[in-house]
file model09.csv (CSV, C-alpha atoms)
chain,number,residue,atom,x,y,z
A,1,MET,CA,0.0,0.0,0.0
A,2,PRO,CA,1.7,3.3,-1.1
A,3,VAL,CA,2.3,5.7,1.8
A,4,PHE,CA,3.2,9.4,1.5
A,5,PHE,CA,5.5,10.9,4.1
A,6,GLY,CA,6.9,14.4,3.8
A,7,GLY,CA,5.8,14.6,0.2
A,8,HIS,CA,7.6,11.4,-0.7
A,9,ARG,CA,6.0,8.2,-1.8
A,10,ILE,CA,7.3,5.2,0.1
A,11,GLN,CA,6.3,1.6,0.0
A,12,ALA,CA,4.6,0.0,3.1
A,13,ARG,CA,6.7,-2.6,4.8
A,14,PRO,CA,5.4,-6.2,4.2
A,15,VAL,CA,4.1,-8.1,7.2
A,16,ARG,CA,6.5,-10.7,8.6
A,17,PRO,CA,4.8,-14.0,9.7
A,18,SER,CA,6.4,-13.9,13.1
A,19,PHE,CA,5.2,-13.3,16.6
A,20,ARG,CA,7.7,-10.4,16.7
A,21,ASP,CA,5.6,-8.4,14.1
A,22,PRO,CA,2.6,-7.0,16.0
A,23,ARG,CA,0.7,-6.6,12.8
A,24,PHE,CA,0.8,-10.3,12.2
A,25,VAL,CA,0.0,-11.1,15.8
A,26,PHE,CA,-3.1,-8.9,15.5
A,27,LEU,CA,-4.0,-10.6,12.3
A,28,LEU,CA,-3.8,-14.0,14.1
A,29,VAL,CA,-6.1,-12.6,16.8
A,30,GLY,CA,-8.5,-11.3,14.2
A,31,GLN,CA,-8.6,-14.6,12.2
A,32,SER,CA,-9.0,-16.6,15.4
A,33,ALA,CA,-11.9,-14.4,16.4
A,34,GLY,CA,-13.5,-14.9,13.0
A,35,TRP,CA,-13.2,-18.7,13.2
A,36,VAL,CA,-14.4,-18.8,16.8
A,37,CYS,CA,-17.4,-16.6,15.8
A,38,SER,CA,-18.2,-18.9,12.9
A,39,TRP,CA,-18.3,-22.0,15.0
A,40,ALA,CA,-20.0,-20.4,18.0
A,41,ALA,CA,-22.7,-18.6,15.9
A,42,SER,CA,-23.7,-21.8,14.1
A,43,LEU,CA,-24.2,-23.6,17.4
A,44,VAL,CA,-26.0,-20.7,19.1
A,45,LEU,CA,-28.2,-20.4,16.0
A,46,TRP,CA,-29.3,-24.0,16.1
A,47,GLY,CA,-29.8,-23.9,19.8
A,48,PHE,CA,-31.9,-20.7,19.5
A,49,ALA,CA,-34.1,-22.3,16.9
A,50,ALA,CA,-34.6,-25.4,18.9
A,51,TYR,CA,-35.0,-24.1,22.5
A,52,HIS,CA,-36.4,-20.6,22.0
A,53,PHE,CA,-38.7,-21.1,19.0
A,54,GLY,CA,-39.3,-24.9,19.5
A,55,ALA,CA,-38.3,-25.8,16.0
A,56,ASP,CA,-38.7,-29.4,14.9
A,57,PRO,CA,-36.1,-31.4,13.0
A,58,ALA,CA,-37.4,-30.1,9.7
A,59,GLY,CA,-37.3,-26.5,11.0
A,60,ILE,CA,-33.8,-26.8,12.2
A,61,SER,CA,-32.7,-28.3,8.9
A,62,VAL,CA,-34.1,-25.2,7.1
A,63,THR,CA,-32.2,-23.0,9.5
A,64,ALA,CA,-29.0,-24.9,9.0
A,65,LEU,CA,-29.5,-24.7,5.2
A,66,CYS,CA,-30.0,-20.9,5.4
A,67,TRP,CA,-26.7,-20.7,7.3
A,68,SER,CA,-24.6,-23.0,5.2
A,69,GLY,CA,-26.2,-22.6,1.7
A,70,PRO,CA,-25.1,-19.1,0.7
A,71,PRO,CA,-21.4,-19.7,0.9
A,72,VAL,CA,-21.7,-22.7,-1.4
A,73,VAL,CA,-23.7,-20.8,-3.9
A,74,LEU,CA,-22.1,-17.3,-3.7
A,75,THR,CA,-18.4,-17.9,-3.0
A,76,ALA,CA,-17.5,-18.4,-6.7
A,77,PHE,CA,-18.9,-15.0,-7.4
A,78,THR,CA,-17.7,-13.1,-4.3
A,79,GLY,CA,-14.2,-14.0,-5.3
A,80,GLY,CA,-14.6,-11.4,-8.0
A,81,LEU,CA,-15.3,-8.8,-5.4
A,82,THR,CA,-12.0,-9.7,-3.6
A,83,ASP,CA,-10.1,-9.2,-6.9
A,84,ARG,CA,-11.9,-5.9,-7.5
A,85,PHE,CA,-11.7,-4.2,-4.1
A,86,GLY,CA,-8.9,-6.2,-2.4
A,87,PRO,CA,-8.9,-8.9,0.3
A,88,ARG,CA,-8.4,-6.5,3.2
A,89,THR,CA,-11.4,-4.4,2.2
A,90,MET,CA,-13.7,-7.4,1.7
A,91,LEU,CA,-12.7,-9.0,5.0
A,92,ILE,CA,-13.6,-5.8,6.8
A,93,ILE,CA,-16.9,-5.6,5.0
A,94,GLY,CA,-17.6,-9.3,5.5
A,95,TYR,CA,-16.8,-9.2,9.2
A,96,THR,CA,-18.8,-6.0,9.7
A,97,CYS,CA,-21.8,-7.5,7.9
A,98,SER,CA,-21.5,-10.7,9.9
A,99,ALA,CA,-21.6,-8.6,13.1
A,100,ALA,CA,-24.7,-6.8,11.9
A,101,THR,CA,-26.5,-10.1,11.1
A,102,SER,CA,-25.5,-11.5,14.5
A,103,LEU,CA,-27.2,-8.5,16.1
A,104,GLY,CA,-30.2,-9.1,13.8
A,105,MET,CA,-30.4,-12.7,15.0
A,106,SER,CA,-30.3,-11.6,18.6
A,107,VAL,CA,-33.6,-9.6,18.1
A,108,SER,CA,-35.4,-12.1,15.9
A,109,GLY,CA,-39.0,-12.5,17.0
A,110,SER,CA,-39.8,-15.6,15.0
A,111,LEU,CA,-38.2,-18.6,13.4
A,112,THR,CA,-38.8,-17.0,10.0
A,113,SER,CA,-37.0,-13.9,10.8
A,114,LEU,CA,-34.2,-15.9,12.3
A,115,ASP,CA,-33.9,-17.9,9.1
A,116,ILE,CA,-33.7,-14.6,7.1
A,117,MET,CA,-30.9,-13.3,9.3
A,118,ALA,CA,-29.1,-16.7,9.0
A,119,LEU,CA,-29.4,-16.4,5.2
A,120,ALA,CA,-27.9,-12.9,5.4
A,121,CYS,CA,-25.1,-14.1,7.7
A,122,GLY,CA,-24.3,-16.9,5.2
A,123,ALA,CA,-24.0,-14.3,2.5
A,124,ALA,CA,-21.7,-12.2,4.6
A,125,ARG,CA,-19.5,-15.1,5.3
A,126,SER,CA,-19.3,-15.8,1.6
A,127,LEU,CA,-17.4,-12.5,1.3
A,128,CYS,CA,-14.8,-13.6,3.8
A,129,SER,CA,-13.8,-17.0,2.4
A,130,PRO,CA,-12.0,-15.9,-0.8
A,131,ALA,CA,-10.7,-12.8,0.9
A,132,SER,CA,-9.1,-14.9,3.6
A,133,SER,CA,-7.4,-17.1,1.0
A,134,ALA,CA,-6.1,-14.1,-1.0
A,135,LEU,CA,-5.0,-12.0,1.9
A,136,PRO,CA,-1.6,-13.6,2.7
A,137,ALA,CA,-0.4,-13.1,-0.8
A,138,ARG,CA,-1.1,-9.3,-0.6
A,139,ILE,CA,0.5,-8.7,2.8
A,140,VAL,CA,3.6,-10.9,3.0
A,141,GLU,CA,6.5,-11.6,0.6
A,142,SER,CA,6.4,-14.7,-1.5
A,143,ASP,CA,9.2,-16.4,0.5
A,144,ASP,CA,7.1,-16.0,3.7
A,145,LEU,CA,3.8,-17.4,2.3
A,146,LEU,CA,4.3,-21.0,3.7
A,147,ALA,CA,5.0,-19.7,7.2
A,148,ALA,CA,2.1,-17.3,7.0
A,149,ASN,CA,-0.4,-19.9,5.8
A,150,SER,CA,0.8,-22.4,8.4
A,151,LEU,CA,0.3,-20.0,11.3
A,152,LEU,CA,-3.0,-18.8,9.9
A,153,GLY,CA,-4.1,-22.4,9.6
A,154,VAL,CA,-3.6,-22.7,13.4
A,155,THR,CA,-6.4,-20.1,13.8
A,156,ALA,CA,-8.9,-22.5,12.1
A,157,SER,CA,-8.0,-25.2,14.6
A,158,ILE,CA,-8.4,-22.8,17.5
A,159,GLY,CA,-11.8,-21.9,16.2
A,160,GLN,CA,-12.8,-25.5,15.9
A,161,VAL,CA,-11.8,-26.1,19.5
A,162,ALA,CA,-12.7,-22.8,21.1
A,163,GLY,CA,-15.9,-22.1,19.1
A,164,PRO,CA,-18.1,-24.8,20.5
A,165,LEU,CA,-16.7,-24.1,24.0
A,166,THR,CA,-17.4,-20.4,23.7
A,167,ALA,CA,-21.0,-21.1,22.5
A,168,SER,CA,-21.6,-23.5,25.4
A,169,VAL,CA,-20.4,-21.0,28.0
A,170,LEU,CA,-22.3,-18.0,26.5
A,171,MET,CA,-25.5,-19.9,26.2
A,172,ALA,CA,-25.3,-21.3,29.7
A,173,ALA,CA,-24.2,-18.0,31.4
A,174,THR,CA,-25.9,-15.3,29.4
A,175,GLY,CA,-28.6,-16.8,27.2
A,176,PHE,CA,-29.0,-16.8,23.5
A,177,ARG,CA,-29.5,-13.1,22.8
A,178,ILE,CA,-26.4,-12.0,24.7
A,179,ALA,CA,-24.5,-14.8,23.0
A,180,PHE,CA,-25.4,-13.4,19.6
A,181,THR,CA,-24.4,-9.9,20.8
A,182,THR,CA,-21.0,-11.1,22.0
A,183,ASP,CA,-20.5,-12.9,18.7
A,184,ALA,CA,-21.1,-9.6,16.9
A,185,ALA,CA,-18.5,-7.9,19.1
A,186,MET,CA,-15.9,-10.6,18.3
A,187,TYR,CA,-16.6,-10.1,14.5
A,188,LEU,CA,-15.9,-6.4,14.9
A,189,VAL,CA,-12.6,-7.2,16.7
A,190,GLY,CA,-11.7,-9.3,13.6
A,191,ALA,CA,-12.5,-6.4,11.3
A,192,LEU,CA,-10.6,-3.8,13.4
A,193,VAL,CA,-7.3,-5.7,13.5
A,194,ILE,CA,-7.2,-6.0,9.7
A,195,ILE,CA,-7.5,-2.2,9.0
A,196,PRO,CA,-3.8,-1.4,9.7
A,197,LEU,CA,-2.5,-4.2,7.4
A,198,PRO,CA,-0.5,-3.0,4.3
A,199,VAL,CA,-1.5,-4.2,0.9
A,200,LEU,CA,1.3,-5.1,-1.5
A,201,PRO,CA,0.9,-4.2,-5.2
A,202,LEU,CA,-0.1,-6.8,-7.7
A,203,PRO,CA,2.5,-7.9,-10.3
A,204,GLU,CA,1.8,-6.7,-13.8
A,205,GLU,CA,0.3,-9.3,-16.1
A,206,PRO,CA,-1.7,-9.0,-19.4
A,207,ARG,CA,-5.3,-8.1,-18.8
A,208,ASP,CA,-8.0,-10.8,-19.4
A,209,ALA,CA,-11.2,-10.3,-21.3
A,210,GLY,CA,-13.2,-9.7,-18.2
A,211,ALA,CA,-11.0,-6.9,-16.9
A,212,THR,CA,-11.2,-3.1,-17.1
A,213,ALA,CA,-8.4,-0.8,-18.1
A,214,THR,CA,-7.3,-0.7,-14.4
A,215,GLY,CA,-6.9,-4.5,-14.4
A,216,ARG,CA,-9.9,-5.0,-12.2
A,217,PRO,CA,-12.7,-7.3,-13.1
A,218,ALA,CA,-15.4,-5.7,-15.2
A,219,TYR,CA,-18.9,-5.6,-13.9
A,220,GLY,CA,-22.3,-4.7,-15.2
A,221,LEU,CA,-23.2,-6.8,-18.3
A,222,SER,CA,-19.9,-8.7,-18.1
A,223,TRP,CA,-20.2,-9.5,-14.4
A,224,LEU,CA,-20.9,-13.1,-14.9
A,225,ARG,CA,-18.0,-13.5,-17.3
A,226,ALA,CA,-15.7,-11.9,-14.8
A,227,ALA,CA,-17.0,-14.1,-12.0
A,228,THR,CA,-16.4,-17.3,-14.1
A,229,ALA,CA,-12.8,-16.2,-14.8
A,230,GLY,CA,-11.7,-18.2,-11.8
A,231,ALA,CA,-13.1,-21.4,-13.2
A,232,VAL,CA,-11.4,-20.7,-16.5
A,233,ALA,CA,-8.1,-20.1,-14.8
A,234,VAL,CA,-8.4,-23.4,-12.9
A,235,ALA,CA,-9.3,-25.3,-16.1
A,236,ARG,CA,-6.3,-23.9,-18.0
A,237,GLU,CA,-3.6,-24.3,-15.4
A,238,PRO,CA,-2.6,-27.9,-14.6
A,239,GLY,CA,-1.2,-26.9,-11.2
A,240,LEU,CA,-4.5,-25.2,-10.2
A,241,ARG,CA,-6.5,-28.3,-11.3
A,242,ALA,CA,-4.3,-30.5,-9.2
A,243,ILE,CA,-4.8,-28.2,-6.2
A,244,ALA,CA,-8.6,-28.3,-6.7
A,245,LEU,CA,-8.7,-32.1,-7.1
A,246,ALA,CA,-6.5,-32.6,-4.0
A,247,ARG,CA,-8.5,-30.3,-1.8
A,248,MET,CA,-11.8,-31.8,-3.0
A,249,GLY,CA,-10.5,-35.3,-2.2
A,250,VAL,CA,-9.2,-34.4,1.2
A,251,ILE,CA,-12.4,-32.5,2.2
A,252,PHE,CA,-14.5,-35.4,0.9
A,253,THR,CA,-12.6,-37.8,3.2
A,254,SER,CA,-12.7,-35.4,6.1
A,255,GLY,CA,-16.5,-34.7,5.7
A,256,ALA,CA,-17.3,-38.4,5.4
A,257,PHE,CA,-15.4,-39.1,8.6
A,258,LEU,CA,-17.7,-36.9,10.6
A,259,VAL,CA,-20.1,-39.7,10.0
A,260,ILE,CA,-17.6,-42.5,10.5
A,261,GLU,CA,-15.8,-41.3,13.7
A,262,PRO,CA,-18.6,-41.5,16.2
A,263,LEU,CA,-19.8,-44.9,14.8
A,264,TYR,CA,-16.2,-46.3,14.9
A,265,THR,CA,-15.7,-45.0,18.5
A,266,ARG,CA,-18.9,-46.8,19.6
A,267,HIS,CA,-19.0,-50.0,17.6
A,268,VAL,CA,-15.3,-50.9,17.1
A,269,LEU,CA,-13.5,-49.3,20.0
A,270,HIS,CA,-16.6,-49.8,22.3
A,271,GLN,CA,-15.9,-46.4,24.0
A,272,PRO,CA,-18.3,-43.7,25.2
A,273,SER,CA,-19.1,-40.5,23.3
A,274,SER,CA,-16.5,-38.6,25.5
A,275,GLN,CA,-13.8,-40.6,23.8
A,276,PHE,CA,-14.9,-39.4,20.4
A,277,ALA,CA,-14.5,-35.8,21.7
A,278,LEU,CA,-11.0,-36.7,22.9
A,279,PHE,CA,-10.1,-38.0,19.5
A,280,GLU,CA,-11.2,-34.6,18.0
A,281,ALA,CA,-9.1,-32.9,20.6
A,282,ALA,CA,-6.1,-35.0,19.6
A,283,THR,CA,-6.5,-34.1,16.0
A,284,GLY,CA,-6.7,-30.4,17.0
A,285,ILE,CA,-3.5,-30.7,19.0
A,286,GLY,CA,-1.7,-32.3,16.1
A,287,ALA,CA,-2.8,-29.5,13.8
A,288,VAL,CA,-1.9,-26.7,16.2
A,289,VAL,CA,1.6,-28.1,17.1
A,290,THR,CA,2.4,-28.7,13.5
A,291,GLY,CA,1.2,-25.3,12.4
A,292,LEU,CA,3.5,-23.7,15.0
A,293,LEU,CA,6.5,-25.8,14.1
A,294,LEU,CA,6.2,-25.6,10.3
A,295,PRO,CA,7.5,-22.0,10.0
A,296,VAL,CA,10.5,-23.0,12.0
A,297,ILE,CA,11.4,-25.8,9.5
A,298,ARG,CA,10.2,-24.1,6.4
A,299,ARG,CA,13.7,-23.6,5.0
A,300,ARG,CA,14.0,-27.4,4.7
A,301,VAL,CA,10.9,-27.5,2.4
A,302,PRO,CA,11.8,-27.2,-1.3
A,303,GLY,CA,10.8,-23.7,-2.4
A,304,THR,CA,9.7,-24.7,-5.9
A,305,ARG,CA,7.0,-22.7,-7.6
A,306,SER,CA,4.7,-25.7,-7.9
A,307,PRO,CA,5.7,-28.5,-5.4
A,308,MET,CA,3.2,-31.0,-6.7
A,309,TRP,CA,5.0,-33.9,-5.1
A,310,LEU,CA,4.6,-32.3,-1.7
A,311,LEU,CA,1.0,-31.5,-2.4
A,312,ALA,CA,0.4,-35.1,-3.4
A,313,ALA,CA,2.2,-36.5,-0.4
A,314,GLY,CA,0.1,-34.2,1.9
A,315,ALA,CA,-3.2,-35.4,0.4
A,316,ALA,CA,-2.2,-39.1,0.5
A,317,SER,CA,-0.9,-38.8,4.0
A,318,CYS,CA,-4.2,-37.4,5.2
A,319,GLY,CA,-5.9,-40.5,3.7
A,320,LEU,CA,-3.4,-42.9,5.3
A,321,ALA,CA,-3.7,-41.2,8.7
A,322,ALA,CA,-7.5,-41.6,8.4
A,323,ALA,CA,-7.0,-45.2,7.6
A,324,LEU,CA,-4.7,-45.7,10.6
A,325,PHE,CA,-7.2,-43.9,12.8
A,326,THR,CA,-10.1,-46.2,11.9
A,327,GLY,CA,-8.2,-49.3,10.9
A,328,THR,CA,-7.3,-50.5,14.4
A,329,PRO,CA,-9.2,-51.9,17.4
A,330,TRP,CA,-6.7,-50.3,19.8
A,331,VAL,CA,-7.3,-47.0,21.4
A,332,PRO,CA,-3.7,-45.8,21.6
A,333,VAL,CA,-3.1,-46.5,17.9
A,334,ALA,CA,-6.3,-44.6,17.2
A,335,TYR,CA,-4.9,-41.6,19.2
A,336,LEU,CA,-1.7,-41.8,17.1
A,337,GLY,CA,-3.8,-41.8,13.9
A,338,ALA,CA,-5.8,-38.8,15.1
A,339,LEU,CA,-2.6,-36.8,16.0
A,340,ILE,CA,-1.0,-37.7,12.6
A,341,TRP,CA,-4.1,-36.8,10.8
A,342,GLY,CA,-4.2,-33.3,12.4
A,343,ALA,CA,-0.5,-32.8,11.5
A,344,CYS,CA,-0.9,-34.0,7.9
A,345,GLY,CA,-3.9,-31.8,7.4
A,346,THR,CA,-2.0,-28.7,8.6
A,347,VAL,CA,0.9,-29.4,6.2
A,348,PHE,CA,-1.4,-30.2,3.3
A,349,TYR,CA,-3.5,-27.1,3.6
A,350,ALA,CA,-0.5,-24.8,4.2
A,351,VAL,CA,1.2,-26.2,1.1
A,352,ALA,CA,-2.0,-26.1,-1.0
A,353,ALA,CA,-2.7,-22.5,0.0
A,354,THR,CA,0.9,-21.4,-0.7
A,355,THR,CA,1.0,-23.1,-4.1
A,356,LEU,CA,-2.4,-21.7,-5.0
A,357,GLN,CA,-1.3,-18.2,-4.2
A,358,ARG,CA,1.8,-18.5,-6.3
A,359,LEU,CA,0.2,-20.1,-9.3
A,360,ALA,CA,-3.0,-18.1,-9.6
A,361,PRO,CA,-2.8,-15.4,-12.3
A,362,ALA,CA,-2.3,-11.8,-10.9
A,363,GLY,CA,-5.7,-10.2,-10.2
A,364,LYS,CA,-7.6,-13.5,-10.2
A,365,LEU,CA,-6.6,-15.1,-6.9
A,366,GLY,CA,-9.9,-14.2,-5.3
A,367,ARG,CA,-11.9,-15.7,-8.1
A,368,VAL,CA,-9.8,-18.8,-8.2
A,369,SER,CA,-10.0,-19.2,-4.4
A,370,GLY,CA,-13.8,-18.8,-4.6
A,371,VAL,CA,-14.2,-21.5,-7.3
A,372,ILE,CA,-12.1,-24.0,-5.4
A,373,SER,CA,-13.9,-23.1,-2.1
A,374,THR,CA,-17.2,-23.7,-3.8
A,375,ALA,CA,-16.0,-27.1,-5.1
A,376,GLU,CA,-14.8,-28.0,-1.6
A,377,SER,CA,-18.1,-27.0,0.1
A,378,THR,CA,-20.0,-29.1,-2.5
A,379,MET,CA,-17.9,-32.1,-1.9
A,380,GLU,CA,-18.2,-31.8,1.8
A,381,SER,CA,-22.0,-31.6,1.5
A,382,LEU,CA,-22.0,-34.8,-0.6
A,383,SER,CA,-19.6,-36.7,1.5
A,384,MET,CA,-21.8,-37.2,4.5
A,385,PRO,CA,-24.8,-38.9,2.8
A,386,ALA,CA,-22.3,-40.8,0.7
A,387,ALA,CA,-20.5,-42.1,3.8
A,388,GLY,CA,-23.8,-43.2,5.3
A,389,ALA,CA,-24.8,-45.1,2.2
A,390,LEU,CA,-21.4,-46.7,1.9
A,391,VAL,CA,-21.3,-47.9,5.5
A,392,ALA,CA,-24.8,-49.3,5.1
A,393,VAL,CA,-23.7,-51.3,2.0
A,394,ALA,CA,-20.0,-52.3,2.8
A,395,GLY,CA,-19.9,-52.1,6.6
A,396,LEU,CA,-18.2,-49.7,8.9
A,397,ARG,CA,-14.5,-50.6,8.7
A,398,PRO,CA,-14.4,-51.4,5.0
A,399,GLY,CA,-16.4,-48.3,4.3
A,400,ALA,CA,-14.0,-46.2,6.3
A,401,LEU,CA,-11.0,-47.6,4.4
A,402,LEU,CA,-12.6,-46.9,1.1
A,403,LEU,CA,-13.4,-43.3,2.1
A,404,ALA,CA,-9.8,-42.8,3.3
A,405,ALA,CA,-8.6,-44.1,-0.1
A,406,ILE,CA,-10.3,-41.1,-1.8
A,407,ALA,CA,-7.8,-38.7,-0.3
A,408,VAL,CA,-4.9,-41.1,-1.2
A,409,ALA,CA,-6.3,-41.3,-4.8
A,410,ALA,CA,-6.6,-37.5,-5.0
A,411,GLY,CA,-2.9,-37.2,-4.0
A,412,ALA,CA,-1.9,-39.7,-6.7
A,413,VAL,CA,-3.9,-37.7,-9.3
A,414,CYS,CA,-1.7,-34.6,-8.5
A,415,LEU,CA,1.4,-36.4,-9.8
A,416,LEU,CA,-0.4,-37.1,-13.1

call {"tool": "encode", "arguments": {"input": "model09.csv", "output": "structure tokens"}}
result
Amino acid sequence: MPVFFGGHRIQARPVRPSFRDPRFVFLLVGQSAGWVCSWAASLVLWGFAAYHFGADPAGISVTALCWSGPPVVLTAFTGGLTDRFGPRTMLIIGYTCSAATSLGMSVSGSLTSLDIMALACGAARSLCSPASSALPARIVESDDLLAANSLLGVTASIGQVAGPLTASVLMAATGFRIAFTTDAAMYLVGALVIIPLPVLPLPEEPRDAGATATGRPAYGLSWLRAATAGAVAVAREPGLRAIALARMGVIFTSGAFLVIEPLYTRHVLHQPSSQFALFEAATGIGAVVTGLLLPVIRRRVPGTRSPMWLLAAGAASCGLAAALFTGTPWVPVAYLGALIWGACGTVFYAVAATTLQRLAPAGKLGRVSGVISTAESTMESLSMPAAGALVAVAGLRPGALLLAAIAVAAGAVCLL
């Protein structure tokens, strides 16, 4: 971001992905707040619908669809807004709109009005997903991307652990409406810490057919063409196709195991539901520890522009860890599999994000990220009913191994 001082134009200093750079520390705080809010808001929302409005299973399903549907539908298009206005601006807008919708949910007087606000919150969150993916490439130097993505990936694990806990504490201590208000305040914290971040200039590249003279996506009559530029970029670039396939395979396996894990804990390990929660905690610990260690050892990771072998190994290792987790009748080995799965997932997503940011054409990273995010969300939605059907036909452990093999196969495809 150009800065003027004493009449002279100077270049803003890039953010360093280190705890010694307060700007990056604030970014970690803001991203953690965003992830915690996302998890907490979903749980408070469903609890509000069930306990306050007395919604039946069908009603809760509608509320859940209003919450989760907009990002699936809109993210491929909101990526164009990220490319047009910049990831920092879109994150600020997305978090602010999410805060407003949380306040709207807190004053909802009926289930219908709650569903409308959930729909609006889903639309607001669709602004954040491609912006979050594109932000590291605009605030840190290329050599620091892997470290930045690794540490930012830790915030997602923090949200997965702290979000449900936060929702539980808020609902028990303050009630649903105050919980929504607190959620809104946390979203605003996430927006405020992003404001001081610098934005590095984009490299110069030839303009595409859906761009204006400024290099930004064209809107109006050509808005749809500009929005689909991300899909075209993924289709044309083999590296981007490999990233999309690998992430779709890994998310399919991960989503399917949301169905497999509790059944495996109960019927194979013969453990109570609390043990399932401990497995989830072990996965989170593996993810957090690896995310913190990866920047320290990043110099040992080959810095190739398109490390497809590392991406393939990451995807395959996620599948193998899932197979280890559910392929044993012994609890200690299952714990080991959960820890390794968390570690492998962190490495895979950090490498995938870094490779995506380096391969995406200049000015199209938001749209490319939006398209891949939409594909991931679609695969995750399909994975759970597919897992149920496969287990019903093949049995629990064979079905689990087949579902784990999908991530391994996706990794193998990357090498082709």

call {"tool": "atom_distance", "arguments": {"input": "model09.csv", "atom1": "CA of Ala173 in chain A", "atom2": "CA of Ala40 in chain A"}}
result
14.2 Å

call {"tool": "closest_residue", "arguments": {"input": "model09.csv", "among": "A:Val15, A:Leu339, A:Ala404, A:Ala118", "to": "Gly69 in chain A", "atoms": "all atoms listed in the file"}}
result
A:Ala118

call {"tool": "closest_residue", "arguments": {"input": "model09.csv", "among": "A:Leu145, A:Ala123, A:Ile92, A:Thr354", "to": "Leu240 in chain A", "atoms": "all atoms listed in the file"}}
result
A:Thr354

call {"tool": "closest_atom_pairs", "arguments": {"input": "model09.csv", "of": "range 325-398 of chain A", "to": "range 153-169 of chain A", "cutoff": "12 Å", "atoms": "only C-alpha atoms", "output": "Markdown table"}}
result
| residue | atom | partner | partner_atom | distance |
| --- | --- | --- | --- | --- |
| A:Gly342 | CA | A:Ser157 | CA | 9.2 |
| A:Ala343 | CA | A:Val154 | CA | 10.7 |
| A:Gly345 | CA | A:Gly153 | CA | 9.7 |
| A:Thr346 | CA | A:Gly153 | CA | 6.7 |
| A:Val347 | CA | A:Gly153 | CA | 9.2 |
| A:Phe348 | CA | A:Gly153 | CA | 10.4 |
| A:Tyr349 | CA | A:Gly153 | CA | 7.6 |
| A:Ala350 | CA | A:Gly153 | CA | 6.9 |
| A:Val351 | CA | A:Gly153 | CA | 10.7 |
| A:Ala352 | CA | A:Gly153 | CA | 11.4 |
| A:Ala353 | CA | A:Gly153 | CA | 9.7 |
| A:Thr354 | CA | A:Gly153 | CA | 11.5 |

call {"tool": "closest_residue", "arguments": {"input": "model09.csv", "among": "A:Asp83, A:Asp143, A:Glu261, A:Asp183", "to": "Thr355 in chain A", "atoms": "all atoms listed in the file"}}
result
A:Asp143

call {"tool": "closest_atom_pairs", "arguments": {"input": "model09.csv", "of": "range 19-138 of chain A", "to": "range 378-398 of chain A", "cutoff": "12 Å", "atoms": "all atoms listed in the file", "output": "CSV"}}
result
residue,atom,partner,partner_atom,distance
A:Leu65,CA,A:Ser381,CA,10.8
A:Ser68,CA,A:Ser381,CA,9.7
A:Gly69,CA,A:Thr378,CA,9.9
A:Pro70,CA,A:Thr378,CA,11.7
A:Pro71,CA,A:Thr378,CA,10.1
A:Val72,CA,A:Thr378,CA,6.7
A:Val73,CA,A:Thr378,CA,9.2
A:Thr75,CA,A:Thr378,CA,11.3
A:Ala76,CA,A:Thr378,CA,11.8

call {"tool": "axis_aligned_box", "arguments": {"input": "model09.csv", "around": "range 185-202 of chain A", "padding_each_side": "4 Å", "output": "lines of an AutoDock Vina configuration file"}}
result
center_x = -8.6
center_y = -6.0
center_z = 5.7
size_x = 27.8
size_y = 17.2
size_z = 34.8

call {"tool": "atom_distance", "arguments": {"input": "model09.csv", "atom1": "CA of Val250 in chain A", "atom2": "CA of Leu135 in chain A"}}
result
22.8 Å

call {"tool": "closest_residue", "arguments": {"input": "model09.csv", "among": "A:Pro272, A:Pro329, A:Pro130, A:Gly109", "to": "Arg177 in chain A", "atoms": "all atoms listed in the file"}}
result
A:Gly109

call {"tool": "closest_residue", "arguments": {"input": "model09.csv", "among": "A:Ser369, A:Thr228, A:Ser150, A:Ser108", "to": "Leu294 in chain A", "atoms": "all atoms listed in the file"}}
result
A:Ser150

call {"tool": "atom_distance", "arguments": {"input": "model09.csv", "atom1": "CA of Ser98 in chain A", "atom2": "CA of Leu192 in chain A"}}
result
13.4 Å

call {"tool": "closest_residue", "arguments": {"input": "model09.csv", "among": "A:Gly327, A:Pro136, A:Pro332, A:Gly370", "to": "Leu197 in chain A", "atoms": "all atoms listed in the file"}}
result
A:Pro136

call {"tool": "residues_near_point", "arguments": {"input": "model09.csv", "point": "(-24.0, -16.2, 10.9)", "cutoff": "9 Å", "atoms": "only C-alpha atoms", "output": "PyMOL selection string"}}
result
chain A and resi 37-38+41-42+45+67-68+98-99+101-102+105+117-125

call {"tool": "closest_atom_pairs", "arguments": {"input": "model09.csv", "of": "range 287-351 of chain A", "to": "range 18-29 of chain A", "cutoff": "12 Å", "atoms": "all atoms listed in the file", "output": "JSON lines"}}
result
{"residue": "A:Leu292", "atom": "CA", "partner": "A:Ser18", "partner_atom": "CA", "distance": 10.4}
{"residue": "A:Leu293", "atom": "CA", "partner": "A:Ser18", "partner_atom": "CA", "distance": 11.9}
{"residue": "A:Pro295", "atom": "CA", "partner": "A:Ser18", "partner_atom": "CA", "distance": 8.7}
{"residue": "A:Val296", "atom": "CA", "partner": "A:Ser18", "partner_atom": "CA", "distance": 10.0}

call {"tool": "residues_around", "arguments": {"input": "model09.csv", "residues": "Ala410 in chain A", "least_positions_apart": "6", "cutoff": "12 Å", "atoms": "only C-alpha atoms", "output": "VMD selection string"}}
result
chain A and resid 241 to 253 308 311 to 319 403 to 404 416

call {"tool": "residues_around", "arguments": {"input": "model09.csv", "residues": "Glu280 in chain A", "least_positions_apart": "3", "cutoff": "12 Å", "atoms": "only C-alpha atoms", "output": "list of chain:residue names"}}
result
A:Ser157, A:Gln160, A:Val161, A:Phe257, A:Leu258, A:Glu261, A:Pro262, A:Thr265, A:Ser273, A:Ser274, A:Gln275, A:Phe276, A:Ala277, A:Thr283, A:Gly284, A:Ile285, A:Gly286, A:Ala287, A:Phe325, A:Ala334, A:Tyr335, A:Leu336, A:Gly337, A:Ala338, A:Leu339, A:Ile340, A:Trp341, A:Gly342
